[in-house]
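Report on one structure; see the data block that follows.
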Amino acid sequence: MKKLYIFKVGETFENTKKLLGDFDAWVAQCISSNLLVETIDILAQEELPPFESVLGIIITGSHSMVTDEEAWSLKTEKWISQAQEHSINILGICYGHQLIAKALGGRSDYNPKGKEIGSVTILTNSAKENDPLFKDAPDTFFANVTHMQSVLSLPEGAQILGYNEHDKHQIVRYTPNIWGVQFHPEYTITIIQEYIKEQADELIALGFSPQKLLKDVMQTHYANSLIESFAKMLSK
């Protein structure tokens with residue numbers, strides 16, 4: 001039976017991991033569909049799956065930077081570029097989104113507007129109406145983010161489905177089977193609060209107020225439903 005694989009391409013802060021678990025667990029907790037789900041720890045050099053075993057892929061976020069071109073990242077990037085030829089369904093989250101863009105011919109790098117963190121507003125456009133994953137997305141919704149890099153230019157044929165003032169590529173459909181989101185659909189209120197607290201000194205140095213960011217954290221109901229929607233799409 002084919003599996004939904006979670007490609008774990010990063011690890012959270014040690015304190016956060018002790019309190020709340022890690023990236024792959026957060027993604028897995030969003031899936032209630034009756035699918036076989038397996039994590040592949042890319043950083044631990046676990047083997048990437050053969051395409052014939054794959055029902056779908058979710059690529060997690062990471063504290064690494066796509067532009068560092070670490071060996072594990074380049075290997076995954078090559079796998080993604082080959083996966084499109086096999087019509088593999090892929091959802092990339094944050095780093096995963098940026099890696100997909102790079103793998104398919106786009107460019108990811110530091111966002112000229114700097115860091116984005118906290119609960120932010122995402123806007124969608126009319127292109128979503130014909131999209132199997134985002135067709136029910138509201139015109140605006142809240143989502144949790146924490147990133148320095150973004151997708152700066154899209155591969156040929158990619159389509160923007162969602163954006164905001166900070167990042168015009170918040171939701172992208174790269175191919176009929178591959179999507180990326182810059183936000184974190186797996187982040188709960190507790191997780192984004194921990195991320196703000198963990199980065200407090202850095203945020204202050206960048207001109208943010210951690211207290212205001214914590215105060216402005218919102219429920220992100222639609223964003224939190226996305227991973228389950230992806231899983232349900234695979235099971236049809």
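Order determines the names: the first chain of the structure tokens is A, the second B, and so forth; residues in each chain are numbered 1 upward, and ligands are numbered 1 upward as they are shown.
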
(Q) I want to know what sits within 10 Å of region 68-70 of chain A, based on only C-alpha atoms, with residues of the same chain fewer than 3 positions away left out; could you give that as a ChimeraX atom specification? (A) /A:43,64-65,73-75,77,99,109

Dump of C-alpha atoms for the selected residues, as a compact mmCIF listing (two decimals), in the first residue's frame:
```txt
# COMPACT_ATOMS: atom_id res chain seq x y z
CA LEU A 43 18.83 15.13 8.23
CA SER A 64 18.29 25.87 7.73
CA MET A 65 18.39 28.20 4.73
CA SER A 73 18.91 19.63 0.79
CA LEU A 74 20.43 19.24 -2.68
CA LYS A 75 19.61 15.52 -2.60
CA GLU A 77 15.84 18.99 -4.34
CA LEU A 99 12.98 24.08 -1.81
CA ASP A 109 16.57 33.70 -0.96
```

Q. Can you list, as a PyMOL selection string, every residue of region 21-97 of chain A that DSSP puts in helix (DSSP H, G or I)?
A. chain A and resi 23-29+51-53+66-68+71-86+95-97

Q: Mind checking which residues fall within 10 Å of Val9 (chain A), counting only C-alpha atoms, ignoring those fewer than 4 positions away in the same chain, and posting them as a count of residues only?
A: 18

Q: Compile the contact shell of Asn111 (chain A) as a ChimeraX atom specification: residues with an atom at most 8 Å away, counting only C-alpha atoms, same-chain residues fewer than 5 positions apart removed.
A: /A:148-150,152,167

Q. Can you tell me, as a PyMOL selection string, what residues are no more than 12 Å from Gly106 (chain A) when counting only C-alpha atoms, ignoring any on the same chain fewer than 3 positions away?
A. chain A and resi 77+81+97-103+109+150-158+169+172+174

Selection to disk with N, CA and C atoms, as a PDB file, in the first residue's frame:
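Saved the output as again.pdb:
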```pdb
ATOM      1  N   GLU A  77      16.191  18.138  -3.193  1.00  0.00           N
ATOM      2  CA  GLU A  77      15.841  18.985  -4.341  1.00  0.00           C
ATOM      3  C   GLU A  77      15.836  18.163  -5.632  1.00  0.00           C
ATOM      4  N   SER A  81      12.611  17.331  -8.191  1.00  0.00           N
ATOM      5  CA  SER A  81      12.616  17.606  -9.636  1.00  0.00           C
ATOM      6  C   SER A  81      12.236  16.365 -10.433  1.00  0.00           C
ATOM      7  N   HIS A  97       8.453  24.603   0.845  1.00  0.00           N
ATOM      8  CA  HIS A  97       7.935  25.468  -0.216  1.00  0.00           C
ATOM      9  C   HIS A  97       9.082  26.113  -0.999  1.00  0.00           C
ATOM     10  N   GLN A  98      10.043  26.657  -0.281  1.00  0.00           N
ATOM     11  CA  GLN A  98      11.186  27.315  -0.917  1.00  0.00           C
ATOM     12  C   GLN A  98      12.045  26.318  -1.688  1.00  0.00           C
ATOM     13  N   LEU A  99      12.179  25.105  -1.149  1.00  0.00           N
ATOM     14  CA  LEU A  99      12.978  24.083  -1.810  1.00  0.00           C
ATOM     15  C   LEU A  99      12.306  23.615  -3.104  1.00  0.00           C
ATOM     16  N   ILE A 100      10.994  23.476  -3.075  1.00  0.00           N
ATOM     17  CA  ILE A 100      10.264  23.117  -4.287  1.00  0.00           C
ATOM     18  C   ILE A 100      10.495  24.153  -5.375  1.00  0.00           C
ATOM     19  N   ALA A 101      10.361  25.430  -5.013  1.00  0.00           N
ATOM     20  CA  ALA A 101      10.570  26.497  -5.994  1.00  0.00           C
ATOM     21  C   ALA A 101      11.947  26.382  -6.644  1.00  0.00           C
ATOM     22  N   LYS A 102      12.961  26.185  -5.816  1.00  0.00           N
ATOM     23  CA  LYS A 102      14.332  26.064  -6.324  1.00  0.00           C
ATOM     24  C   LYS A 102      14.492  24.818  -7.197  1.00  0.00           C
ATOM     25  N   ALA A 103      13.915  23.710  -6.765  1.00  0.00           N
ATOM     26  CA  ALA A 103      14.045  22.448  -7.494  1.00  0.00           C
ATOM     27  C   ALA A 103      13.424  22.517  -8.883  1.00  0.00           C
ATOM     28  N   ASP A 109      15.461  32.987  -1.599  1.00  0.00           N
ATOM     29  CA  ASP A 109      16.569  33.698  -0.961  1.00  0.00           C
ATOM     30  C   ASP A 109      15.990  34.552   0.158  1.00  0.00           C
ATOM     31  N   SER A 150      12.286  33.555   1.444  1.00  0.00           N
ATOM     32  CA  SER A 150      11.017  33.408   0.738  1.00  0.00           C
ATOM     33  C   SER A 150      11.296  32.931  -0.679  1.00  0.00           C
ATOM     34  N   VAL A 151      10.245  32.526  -1.359  1.00  0.00           N
ATOM     35  CA  VAL A 151      10.334  32.297  -2.799  1.00  0.00           C
ATOM     36  C   VAL A 151      10.317  33.673  -3.466  1.00  0.00           C
ATOM     37  N   LEU A 152      11.394  34.016  -4.163  1.00  0.00           N
ATOM     38  CA  LEU A 152      11.500  35.339  -4.777  1.00  0.00           C
ATOM     39  C   LEU A 152      11.079  35.346  -6.240  1.00  0.00           C
ATOM     40  N   SER A 153      11.280  34.241  -6.946  1.00  0.00           N
ATOM     41  CA  SER A 153      10.788  34.139  -8.318  1.00  0.00           C
ATOM     42  C   SER A 153      10.295  32.719  -8.559  1.00  0.00           C
ATOM     43  N   LEU A 154       9.230  32.606  -9.330  1.00  0.00           N
ATOM     44  CA  LEU A 154       8.571  31.320  -9.536  1.00  0.00           C
ATOM     45  C   LEU A 154       9.123  30.582 -10.744  1.00  0.00           C
ATOM     46  N   PRO A 155       9.063  29.255 -10.714  1.00  0.00           N
ATOM     47  CA  PRO A 155       9.369  28.488 -11.912  1.00  0.00           C
ATOM     48  C   PRO A 155       8.304  28.751 -12.979  1.00  0.00           C
ATOM     49  N   GLU A 156       8.646  28.473 -14.205  1.00  0.00           N
ATOM     50  CA  GLU A 156       7.700  28.652 -15.299  1.00  0.00           C
ATOM     51  C   GLU A 156       6.459  27.783 -15.063  1.00  0.00           C
ATOM     52  N   GLY A 157       5.291  28.381 -15.261  1.00  0.00           N
ATOM     53  CA  GLY A 157       4.039  27.653 -15.132  1.00  0.00           C
ATOM     54  C   GLY A 157       3.435  27.648 -13.742  1.00  0.00           C
ATOM     55  N   ALA A 158       4.176  28.105 -12.727  1.00  0.00           N
ATOM     56  CA  ALA A 158       3.647  28.139 -11.359  1.00  0.00           C
ATOM     57  C   ALA A 158       2.595  29.242 -11.233  1.00  0.00           C
ATOM     58  N   HIS A 169       4.223  35.290  -2.432  1.00  0.00           N
ATOM     59  CA  HIS A 169       4.161  33.863  -2.763  1.00  0.00           C
ATOM     60  C   HIS A 169       3.801  33.029  -1.532  1.00  0.00           C
ATOM     61  N   VAL A 172       1.442  28.775  -3.479  1.00  0.00           N
ATOM     62  CA  VAL A 172       1.779  28.594  -4.892  1.00  0.00           C
ATOM     63  C   VAL A 172       1.405  27.171  -5.315  1.00  0.00           C
ATOM     64  N   TYR A 174       2.631  24.794  -8.005  1.00  0.00           N
ATOM     65  CA  TYR A 174       3.774  24.702  -8.912  1.00  0.00           C
ATOM     66  C   TYR A 174       3.465  23.877 -10.154  1.00  0.00           C
TER      67      TYR A 174
END
```

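The coordinates place CA of Phe7 (chain A) at 19.6 Å from CA of Leu133 (chain A).
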
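Nearest residue to His86 (chain A), choosing from A:Glu52, A:Glu116, A:Glu46, A:Glu198 and counting only C-alpha atoms: A:Glu52.
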
Q. Could you work out how far CA of Ile117 (chain A) lies from CA of Val27 (chain A), giving the answer in Å with one decimal?
A. 19.2 Å

(Q) Using only C-alpha atoms, can you tell me which of A:Thr146, A:Trp79, A:Ala25, A:Met1 comes closest to Leu203 (chain A)? (A) A:Thr146
